[in-house]
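Data block for my_file-v3.cif (mmCIF, C-alpha atoms and all ligand atoms):
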data_input
loop_
_atom_site.label_atom_id
_atom_site.label_comp_id
_atom_site.auth_asym_id
_atom_site.auth_seq_id
_atom_site.Cartn_x
_atom_site.Cartn_y
_atom_site.Cartn_z
CA MET A 1 -40.29 -19.82 -25.68
CA LEU A 2 -40.86 -22.28 -22.81
CA ALA A 3 -38.29 -22.19 -20.01
CA LYS A 4 -36.27 -25.42 -19.96
CA THR A 5 -36.55 -27.37 -16.73
CA LEU A 6 -33.61 -28.89 -14.89
CA LYS A 7 -34.17 -32.43 -13.59
CA PRO A 8 -32.51 -33.55 -10.33
CA GLU A 9 -30.24 -36.02 -12.16
CA GLU A 10 -29.18 -33.26 -14.60
CA TYR A 11 -28.38 -30.97 -11.65
CA GLN A 12 -26.33 -33.79 -10.12
CA ALA A 13 -24.43 -34.43 -13.36
CA ILE A 14 -23.58 -30.73 -13.86
CA HIS A 15 -22.57 -30.48 -10.20
CA GLU A 16 -20.23 -33.48 -10.56
CA PHE A 17 -18.78 -32.12 -13.81
CA LEU A 18 -17.92 -28.78 -12.15
CA GLU A 19 -16.36 -30.41 -9.10
CA ARG A 20 -14.30 -32.82 -11.23
CA GLN A 21 -13.10 -30.27 -13.80
CA ALA A 22 -12.79 -27.06 -11.78
CA GLY A 23 -13.03 -28.09 -8.12
CA ILE A 24 -16.11 -25.89 -7.75
CA ARG A 25 -18.76 -27.25 -5.37
CA LEU A 26 -22.15 -25.63 -5.68
CA GLY A 27 -23.72 -27.32 -2.69
CA THR A 28 -27.37 -28.25 -2.55
CA GLY A 29 -30.31 -26.17 -3.68
CA LYS A 30 -28.44 -24.18 -6.31
CA GLU A 31 -30.68 -25.18 -9.23
CA TYR A 32 -31.57 -21.52 -9.81
CA LEU A 33 -27.88 -20.70 -10.24
CA ILE A 34 -27.42 -23.32 -12.94
CA VAL A 35 -30.58 -22.27 -14.78
CA SER A 36 -29.79 -18.56 -14.58
CA ARG A 37 -26.21 -19.03 -15.78
CA LEU A 38 -26.51 -21.89 -18.28
CA SER A 39 -29.85 -21.22 -20.00
CA ARG A 40 -28.22 -18.85 -22.49
CA LEU A 41 -25.79 -21.60 -23.57
CA LEU A 42 -28.64 -23.82 -24.79
CA PRO A 43 -29.38 -21.84 -28.00
CA THR A 44 -25.68 -20.99 -28.50
CA PHE A 45 -24.75 -24.69 -28.58
CA ASP A 46 -28.01 -25.71 -30.27
CA LEU A 47 -29.11 -27.83 -27.31
CA ALA A 48 -32.74 -28.86 -26.76
CA GLY A 49 -32.40 -28.79 -22.96
CA TYR A 50 -30.22 -29.64 -19.96
CA GLY A 51 -30.46 -33.38 -20.71
CA GLU A 52 -28.70 -32.84 -24.03
CA LEU A 53 -26.23 -30.46 -22.39
CA VAL A 54 -25.27 -33.14 -19.86
CA GLN A 55 -24.95 -35.73 -22.60
CA ARG A 56 -22.74 -33.47 -24.75
CA LEU A 57 -20.57 -32.51 -21.75
CA GLY A 58 -19.57 -36.14 -21.39
CA GLN A 59 -18.68 -36.58 -25.05
CA PHE A 60 -15.13 -36.58 -26.37
CA GLY A 61 -14.29 -33.32 -28.19
CA SER A 62 -16.82 -31.15 -26.36
CA THR A 63 -14.08 -28.83 -25.10
CA SER A 64 -15.75 -25.58 -26.15
CA LEU A 65 -18.99 -26.52 -24.38
CA GLN A 66 -17.07 -27.64 -21.28
CA THR A 67 -15.12 -24.36 -21.22
CA ALA A 68 -18.31 -22.33 -21.70
CA VAL A 69 -20.08 -24.15 -18.82
CA ILE A 70 -17.16 -23.61 -16.45
CA ASP A 71 -16.81 -19.99 -17.58
CA ALA A 72 -20.51 -19.34 -16.97
CA MET A 73 -20.53 -21.06 -13.57
CA THR A 74 -17.59 -19.20 -12.02
CA THR A 75 -18.30 -16.38 -9.59
CA ASN A 76 -15.92 -13.60 -10.58
CA GLU A 77 -16.74 -11.14 -7.82
CA THR A 78 -13.80 -8.90 -7.05
CA PHE A 79 -13.07 -5.22 -6.48
CA TRP A 80 -10.30 -2.65 -6.20
CA PHE A 81 -8.15 -2.65 -3.05
CA ARG A 82 -10.07 -5.64 -1.68
CA ASP A 83 -8.78 -6.48 1.83
CA ILE A 84 -6.60 -3.39 1.62
CA ALA A 85 -4.49 -4.45 4.63
CA HIS A 86 -2.89 -7.14 2.45
CA PHE A 87 -1.30 -4.57 0.15
CA ARG A 88 0.16 -2.72 3.15
CA VAL A 89 1.48 -6.04 4.47
CA LEU A 90 3.19 -6.58 1.13
CA THR A 91 4.83 -3.15 0.84
CA ASP A 92 5.33 -2.00 4.43
CA GLY A 93 5.87 -5.46 5.91
CA ILE A 94 7.36 -8.06 3.56
CA LEU A 95 9.22 -5.73 1.18
CA ALA A 96 10.32 -3.19 3.78
CA GLU A 97 11.84 -6.11 5.70
CA SER A 98 13.55 -7.98 2.85
CA ARG A 99 14.29 -5.09 0.38
CA PRO A 100 14.42 -7.37 -2.69
CA THR A 101 15.41 -6.00 -6.11
CA ARG A 102 13.32 -8.56 -8.02
CA LEU A 103 9.90 -9.92 -7.22
CA ARG A 104 7.57 -12.44 -8.86
CA ILE A 105 3.95 -12.36 -7.77
CA TRP A 106 1.09 -14.71 -8.68
CA SER A 107 -2.52 -13.62 -8.48
CA ALA A 108 -3.82 -17.19 -8.54
CA ALA A 109 -7.53 -16.51 -9.11
CA SER A 110 -7.23 -13.08 -10.65
CA SER A 111 -10.79 -12.82 -11.96
CA THR A 112 -11.11 -9.58 -13.94
CA GLY A 113 -7.72 -8.26 -12.82
CA GLN A 114 -8.43 -5.83 -9.98
CA GLU A 115 -6.21 -7.80 -7.56
CA ALA A 116 -3.18 -7.77 -9.89
CA TYR A 117 -3.55 -4.09 -10.83
CA THR A 118 -4.10 -3.10 -7.19
CA THR A 119 -0.83 -4.91 -6.40
CA ALA A 120 1.05 -2.97 -9.11
CA ILE A 121 -0.46 0.33 -7.95
CA SER A 122 0.52 -0.42 -4.33
CA LEU A 123 4.07 -1.38 -5.34
CA GLN A 124 4.58 1.75 -7.41
CA ASP A 125 3.14 4.04 -4.73
CA ALA A 126 5.49 2.43 -2.19
CA MET A 127 8.46 2.82 -4.55
CA GLN A 128 7.66 6.49 -5.16
CA GLY A 129 7.21 7.07 -1.44
CA GLY A 130 10.56 5.42 -0.69
CA ARG A 131 8.91 2.73 1.45
CA VAL A 132 10.42 0.00 -0.75
CA GLY A 133 13.54 0.13 -2.96
CA ARG A 134 13.04 2.41 -5.99
CA MET A 135 14.88 -0.04 -8.23
CA LEU A 136 12.51 -2.94 -7.49
CA SER A 137 11.64 -4.82 -10.66
CA TYR A 138 8.53 -6.93 -10.47
CA GLU A 139 6.48 -9.35 -12.55
CA ILE A 140 2.84 -10.10 -11.76
CA ILE A 141 1.09 -13.07 -13.34
CA GLY A 142 -2.68 -13.24 -13.06
CA THR A 143 -4.42 -16.53 -13.81
CA ASP A 144 -8.03 -17.60 -13.75
CA ILE A 145 -10.06 -20.51 -15.07
CA SER A 146 -12.62 -18.16 -16.63
CA PRO A 147 -11.57 -17.05 -20.16
CA THR A 148 -14.10 -14.20 -20.04
CA ALA A 149 -12.60 -12.85 -16.79
CA VAL A 150 -9.07 -13.18 -18.21
CA ARG A 151 -10.03 -11.25 -21.36
CA GLU A 152 -11.48 -8.45 -19.23
CA ALA A 153 -8.33 -8.38 -17.11
CA GLN A 154 -6.15 -8.14 -20.23
CA GLY A 155 -8.29 -5.27 -21.54
CA ALA A 156 -7.68 -3.27 -18.31
CA SER A 157 -10.85 -1.30 -19.02
CA TYR A 158 -13.72 -1.20 -16.54
CA CYS A 159 -17.26 0.12 -16.75
CA GLY A 160 -20.25 0.41 -14.43
CA VAL A 161 -19.90 -1.16 -10.97
CA ALA A 162 -16.43 -2.53 -11.80
CA ALA A 163 -15.24 1.03 -12.41
CA ALA A 164 -16.44 2.20 -9.01
CA ARG A 165 -16.32 -0.60 -6.43
CA GLY A 166 -13.47 -0.03 -3.96
CA LEU A 167 -12.26 3.22 -5.56
CA SER A 168 -12.32 6.74 -4.18
CA ASP A 169 -12.59 9.69 -6.60
CA ASP A 170 -8.97 10.49 -5.89
CA GLN A 171 -7.85 6.94 -6.75
CA ARG A 172 -9.88 7.03 -9.98
CA ARG A 173 -8.07 10.21 -11.01
CA ARG A 174 -4.60 9.00 -10.04
CA TYR A 175 -4.52 5.48 -11.44
CA PHE A 176 -6.93 5.50 -14.40
CA ARG A 177 -7.81 7.32 -17.59
CA GLU A 178 -11.51 8.19 -17.96
CA GLN A 179 -13.07 7.00 -21.20
CA GLY A 180 -16.73 7.75 -21.81
CA GLY A 181 -17.98 6.67 -18.39
CA CYS A 182 -15.51 3.78 -18.19
CA ILE A 183 -11.98 3.77 -16.78
CA GLU A 184 -8.74 2.32 -18.13
CA VAL A 185 -5.73 1.43 -15.98
CA LEU A 186 -2.85 3.83 -16.79
CA PRO A 187 -0.01 2.21 -18.78
CA GLN A 188 2.53 2.49 -15.95
CA TYR A 189 0.35 0.23 -13.75
CA ARG A 190 -0.08 -2.34 -16.56
CA LYS A 191 3.66 -2.74 -17.00
CA GLY A 192 5.01 -6.09 -15.79
CA ILE A 193 1.55 -7.70 -15.58
CA SER A 194 0.25 -10.53 -17.74
CA PHE A 195 -2.87 -12.68 -17.54
CA ARG A 196 -3.65 -16.16 -18.78
CA THR A 197 -6.26 -18.85 -18.29
CA PHE A 198 -5.18 -21.52 -15.87
CA ASN A 199 -6.97 -24.15 -13.81
CA LEU A 200 -5.72 -24.48 -10.22
CA LEU A 201 -6.37 -28.23 -10.39
CA LYS A 202 -3.60 -28.58 -13.00
CA PRO A 203 0.14 -28.81 -12.18
CA PHE A 204 1.78 -25.45 -11.47
CA ASP A 205 5.17 -26.27 -13.11
CA SER A 206 4.58 -24.11 -16.21
CA LEU A 207 4.21 -20.98 -14.06
CA GLY A 208 7.69 -20.90 -12.54
CA ARG A 209 8.47 -19.85 -8.98
CA PHE A 210 7.12 -16.95 -6.95
CA ASP A 211 7.98 -14.77 -3.97
CA VAL A 212 4.37 -13.88 -3.21
CA VAL A 213 1.09 -15.62 -4.05
CA PHE A 214 -2.37 -14.13 -3.69
CA CYS A 215 -4.88 -16.99 -3.57
CA ARG A 216 -7.85 -15.10 -2.19
CA ASN A 217 -11.53 -15.95 -2.16
CA VAL A 218 -11.30 -19.04 -4.34
CA LEU A 219 -10.46 -21.91 -1.96
CA ILE A 220 -13.89 -21.39 -0.37
CA TYR A 221 -15.41 -23.17 -3.38
CA PHE A 222 -13.26 -26.30 -2.98
CA SER A 223 -13.37 -29.43 -0.81
CA GLN A 224 -10.96 -29.78 2.14
CA GLU A 225 -8.85 -32.27 0.17
CA ARG A 226 -8.54 -29.98 -2.82
CA LYS A 227 -7.73 -27.00 -0.57
CA ARG A 228 -4.95 -28.95 1.08
CA ASP A 229 -3.61 -30.11 -2.28
CA ILE A 230 -3.60 -26.57 -3.74
CA VAL A 231 -2.05 -24.99 -0.64
CA SER A 232 0.71 -27.63 -0.56
CA ARG A 233 1.43 -27.14 -4.26
CA ILE A 234 1.56 -23.35 -3.74
CA ALA A 235 4.18 -23.99 -1.04
CA ARG A 236 6.25 -25.84 -3.64
CA VAL A 237 6.26 -22.96 -6.15
CA LEU A 238 7.10 -20.38 -3.47
CA ASN A 239 10.75 -19.41 -3.10
CA PRO A 240 12.26 -19.89 0.38
CA GLY A 241 10.71 -17.32 2.74
CA GLY A 242 7.88 -16.70 0.22
CA HIS A 243 4.48 -15.44 1.36
CA LEU A 244 0.88 -16.46 0.69
CA PHE A 245 -2.20 -14.27 1.09
CA LEU A 246 -5.58 -15.94 1.59
CA GLY A 247 -8.95 -14.17 1.62
CA SER A 248 -9.87 -12.49 4.89
CA THR A 249 -12.55 -15.12 5.63
CA GLU A 250 -10.27 -18.04 4.73
CA SER A 251 -7.90 -19.77 7.11
CA MET A 252 -4.84 -21.98 6.96
CA SER A 253 -6.22 -24.46 9.49
CA GLY A 254 -4.73 -27.87 8.86
CA HIS A 255 -1.73 -26.52 6.91
CA GLU A 256 0.39 -25.20 9.78
CA ASP A 257 3.15 -27.66 8.84
CA LEU A 258 3.64 -25.78 5.57
CA PHE A 259 3.10 -22.15 6.58
CA GLU A 260 3.47 -19.96 9.64
CA MET A 261 1.01 -17.14 10.19
CA ARG A 262 2.49 -13.65 10.55
CA ASN A 263 0.83 -10.50 11.79
CA LEU A 264 2.70 -7.87 9.83
CA ALA A 265 2.02 -4.16 9.23
CA GLY A 266 -1.53 -4.54 10.51
CA GLY A 267 -2.57 -7.61 8.50
CA LEU A 268 -2.23 -11.38 8.23
CA VAL A 269 -0.03 -13.30 5.83
CA TYR A 270 1.40 -16.82 5.71
CA ARG A 271 5.13 -17.45 5.29
CA LYS A 272 6.39 -20.71 3.86
CA ARG A 273 8.22 -22.70 6.51
CA THR A 274 11.79 -23.67 5.70
C1 LIG B 301 -14.52 -14.64 -6.08
S1 LIG B 301 -13.28 -14.54 -7.34
C2 LIG B 301 -11.90 -13.93 -6.42
C3 LIG B 301 -11.09 -12.93 -7.19
C4 LIG B 301 -9.92 -12.29 -6.43
N1 LIG B 301 -8.93 -13.26 -6.05
C5 LIG B 301 -10.42 -11.55 -5.21
O1 LIG B 301 -10.19 -12.01 -4.09
O2 LIG B 301 -11.05 -10.50 -5.37
C6 LIG B 301 -12.90 -16.26 -7.54
C7 LIG B 301 -12.21 -16.55 -8.88
O3 LIG B 301 -11.71 -17.90 -8.85
C8 LIG B 301 -11.79 -18.42 -10.15
N2 LIG B 301 -11.72 -19.90 -10.10
C9 LIG B 301 -12.67 -20.76 -9.65
N3 LIG B 301 -12.22 -22.03 -9.78
C10 LIG B 301 -10.97 -21.96 -10.30
C11 LIG B 301 -10.01 -22.93 -10.68
N4 LIG B 301 -10.23 -24.25 -10.54
N5 LIG B 301 -8.84 -22.51 -11.20
C12 LIG B 301 -8.59 -21.17 -11.34
N6 LIG B 301 -9.47 -20.20 -11.02
C13 LIG B 301 -10.65 -20.59 -10.51
C14 LIG B 301 -13.13 -17.89 -10.67
O4 LIG B 301 -13.19 -17.89 -12.07
C15 LIG B 301 -13.15 -16.48 -10.07
O5 LIG B 301 -12.72 -15.50 -10.98
#
Just give me the structure as C-alpha cells.
Amino acid sequence: MLAKTLKPEEYQAIHEFLERQAGIRLGTGKEYLIVSRLSRLLPTFDLAGYGELVQRLGQFGSTSLQTAVIDAMTTNETFWFRDIAHFRVLTDGILAESRPTRLRIWSAASSTGQEAYTTAISLQDAMQGGRVGRMLSYEIIGTDISPTAVREAQGASYCGVAAARGLSDDQRRRYFREQGGCIEVLPQYRKGISFRTFNLLKPFDSLGRFDVVFCRNVLIYFSQERKRDIVSRIARVLNPGGHLFLGSTESMSGHEDLFEMRNLAGGLVYRKRT
C-alpha cells in the first residue's frame, strides 16, 4: 500500500483542530508526528487520505473521529514517582503542617495513572509511618483527555516499560502484584481513586473542589493565554490554602497574583493566595 502524503494545508488544518479542541500546539515541522500517529486511523475510519480526514473532522457528528484524532495525538509520557520531591512536599510539608482529616486531590492530566497511584502510595506510606494522621481519608480524581490513557489508568495493570520506569525492585514488590511479566497496583492503593476523561479546556464545575491539584507536564503544550486561563480556573476550584503542583520544568511566571511559591520539605509547590 502507498503511504499517504500530508499536504501543508492538511497539516495546518489538523494543527488548528488540535489547538482549538484540546489546546495542544504541535509547533512547526511536526508532520512526521501526525503521519506516524494518524496513519492507522485512515483504514479504521475508511478514509482515502488526510484530505478526507480533514474534511470529516469539520463535519457535524464526527465525534468519534475527533476523539480518535485527539487520543492519538496526545503524548502520554509519565512514570512512577515522577518528580519524587513533590510527593514528599505533599506528605511531609503540606499534610504534616495542616493535619487534615479529609483530602481531595485532582491529578489533572493523569495520563495512564502513575501520578494518581504514586500519590496514594505516598499517602499510605506516610500514614503508616505516622508522618500524617492515620485517620486521613482521601479521594483522588484522575482526569485526562485521552480515553485510551484513562482506560489504562482504570485497569491499574502495567506491562513492559510502564511496569519498570521509576520503580525499584523493592517498590515493585511492595506496591504491586506480579502477573505474568506485568504488574497490577495492589487493591489498597486503588482505594479512593477514580479516573475519567475530561478536557482541561472545559469548565471545571462538575469536578467539585480540591485541596491539592497536580497539573504537571501538560501546560507545556498550551499557549500562554490558555495556560493563564487554566491556572486561574484551578485557583477557583482550590479550597482556601489549597496547593498546586506544576511539572519541574514549568513555572508560574505571570500568575503570582493567584499563587505564592513555597519551598517546602525540599521541593516547590504553589499555594493559592487568599
Ligand atoms: C506528558 S503527560 C503528563 C502526565 C502526568 N501528569 C505526569 O506529569 O507524568 C500529559 C497528559 O496531558 C493530557 N492532555 C493533553 N491535553 C489535554 C487537555 N486539553 N485536557 C486534559 N488532558 C490533556 C495528555 O493526554 C497526556 O496524558
| said: I'd like the interatomic distance between CA of Thr44 (chain A) and CA of Glu9 (chain A), to a tenth of an Å. | reply: 22.7 Å
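Shortest atom-to-atom contact with Leu38 (chain A) among A:Val69, A:Glu52, A:Leu123, A:Ala22: A:Val69, counting all atoms listed in the file.
Taking CA of Gly27 (chain A) as the reference point, CA of Leu219 (chain A) is found at 14.3 Å.
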| query | Could you work out how far CA of Gln114 (chain A) lies from CA of Glu77 (chain A), giving the answer in Å with one decimal? | reply | 10.1 Å
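You can rank A:Gly180, A:Tyr158, A:Ala116, A:Arg37 by their closest distance to Phe87 (chain A) using all atoms listed in the file, and at the top of that list sits A:Ala116.
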| For Lys4 (chain A): contacts at 8 Å, only C-alpha atoms, fewer than 6 positions along chain excluded, given as a PyMOL selection string | chain A and resi 39+49-50
Produce a table with one row for each residue of region 82-134 of chain A that has an atom at most 9 Å from any atom of region 240-246 of chain A, each row naming the nearest atom pair and its distance in Å at one decimal; use all atoms listed in the file; arrange rows by chain and rising residue number; format as a Markdown table.
| residue | atom | partner | partner_atom | distance |
| --- | --- | --- | --- | --- |
| A:His86 | CA | A:Phe245 | CA | 7.3 |
| A:Leu90 | CA | A:His243 | CA | 9.0 |
| A:Ile94 | CA | A:His243 | CA | 8.2 |
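Distances here use all atoms listed in the file; by that measure, the residue among A:Glu97, A:Asp170, A:Asp125, A:Asp144 closest to ligand LIG 301 (chain B) is A:Asp144.
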| field | Shell around Ile183 (chain A) at 7 Å using only C-alpha atoms, local window under 6 positions removed, as a PyMOL selection string | value | chain A and resi 157-159+163+176-177
Around ligand LIG 301 (chain B), at most 6 Å away and counting only C-alpha atoms and all ligand atoms, which residues are there? Put them as a CSV table (one decimal) with C-alpha atoms, keeping the file's coordinate frame, please.
chain,number,residue,atom,x,y,z
A,22,ALA,CA,-12.8,-27.1,-11.8
A,23,GLY,CA,-13.0,-28.1,-8.1
A,24,ILE,CA,-16.1,-25.9,-7.8
A,74,THR,CA,-17.6,-19.2,-12.0
A,75,THR,CA,-18.3,-16.4,-9.6
A,76,ASN,CA,-15.9,-13.6,-10.6
A,77,GLU,CA,-16.7,-11.1,-7.8
A,78,THR,CA,-13.8,-8.9,-7.0
A,79,PHE,CA,-13.1,-5.2,-6.5
A,109,ALA,CA,-7.5,-16.5,-9.1
A,110,SER,CA,-7.2,-13.1,-10.6
A,111,SER,CA,-10.8,-12.8,-12.0
A,115,GLU,CA,-6.2,-7.8,-7.6
A,144,ASP,CA,-8.0,-17.6,-13.8
A,145,ILE,CA,-10.1,-20.5,-15.1
A,146,SER,CA,-12.6,-18.2,-16.6
A,198,PHE,CA,-5.2,-21.5,-15.9
A,199,ASN,CA,-7.0,-24.2,-13.8
A,200,LEU,CA,-5.7,-24.5,-10.2
A,201,LEU,CA,-6.4,-28.2,-10.4
A,216,ARG,CA,-7.8,-15.1,-2.2
A,217,ASN,CA,-11.5,-16.0,-2.2
A,218,VAL,CA,-11.3,-19.0,-4.3
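For Arg134 (chain A), the residues within 12 Å (counting all atoms listed in the file, excluding itself and residues fewer than 2 positions away along the chain) are Leu95, Ala96, Arg99, Pro100, Thr101, Arg102, Leu123, Gln124, Asp125, Ala126, Met127, Gln128, Gly129, Gly130, Arg131, Val132, Leu136, Ser137 and Tyr138 of chain A.
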| Looking at only C-alpha atoms, which of A:Gly181, A:Phe214, A:Arg228, A:Asp71 is the one that sits closest to Arg151 (chain A)? | A:Asp71
| request: Please tell me which residues are no farther than 6 Å from (1.2, -15.2, -15.1) in the file, counting all atoms listed in the file, and write them as JSON, numbers by chain. | output: {"A": [141, 142, 143, 194, 195]}
| said: Taking all atoms listed in the file into account, name the residue in A:Arg82, A:Lys30, A:Lys7, A:Arg226 that is nearest to Gly247 (chain A). | reply: A:Arg82
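Nearest-residue note for Leu238 (chain A): choosing from A:Ser253, A:Gln59, A:Thr274, A:Ser223, the minimum distance belongs to A:Thr274, counting all atoms listed in the file.
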Using all atoms listed in the file, what residues lie at most 10 Å away from (-27.9, -32.5, -11.7) (file coordinates), given as a JSON list (two decimals) with C-alpha atoms, keeping the file's coordinate frame?
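Saved to result_9.json:
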[["chain", "number", "residue", "atom", "x", "y", "z"],
["A", 6, "LEU", "CA", -33.61, -28.89, -14.89],
["A", 7, "LYS", "CA", -34.17, -32.43, -13.59],
["A", 8, "PRO", "CA", -32.51, -33.55, -10.33],
["A", 9, "GLU", "CA", -30.24, -36.02, -12.16],
["A", 10, "GLU", "CA", -29.18, -33.26, -14.60],
["A", 11, "TYR", "CA", -28.38, -30.97, -11.65],
["A", 12, "GLN", "CA", -26.33, -33.79, -10.12],
["A", 13, "ALA", "CA", -24.43, -34.43, -13.36],
["A", 14, "ILE", "CA", -23.58, -30.73, -13.86],
["A", 15, "HIS", "CA", -22.57, -30.48, -10.20],
["A", 16, "GLU", "CA", -20.23, -33.48, -10.56],
["A", 17, "PHE", "CA", -18.78, -32.12, -13.81],
["A", 30, "LYS", "CA", -28.44, -24.18, -6.31],
["A", 31, "GLU", "CA", -30.68, -25.18, -9.23],
["A", 34, "ILE", "CA", -27.42, -23.32, -12.94],
["A", 50, "TYR", "CA", -30.22, -29.64, -19.96],
["A", 51, "GLY", "CA", -30.46, -33.38, -20.71],
["A", 54, "VAL", "CA", -25.27, -33.14, -19.86]]
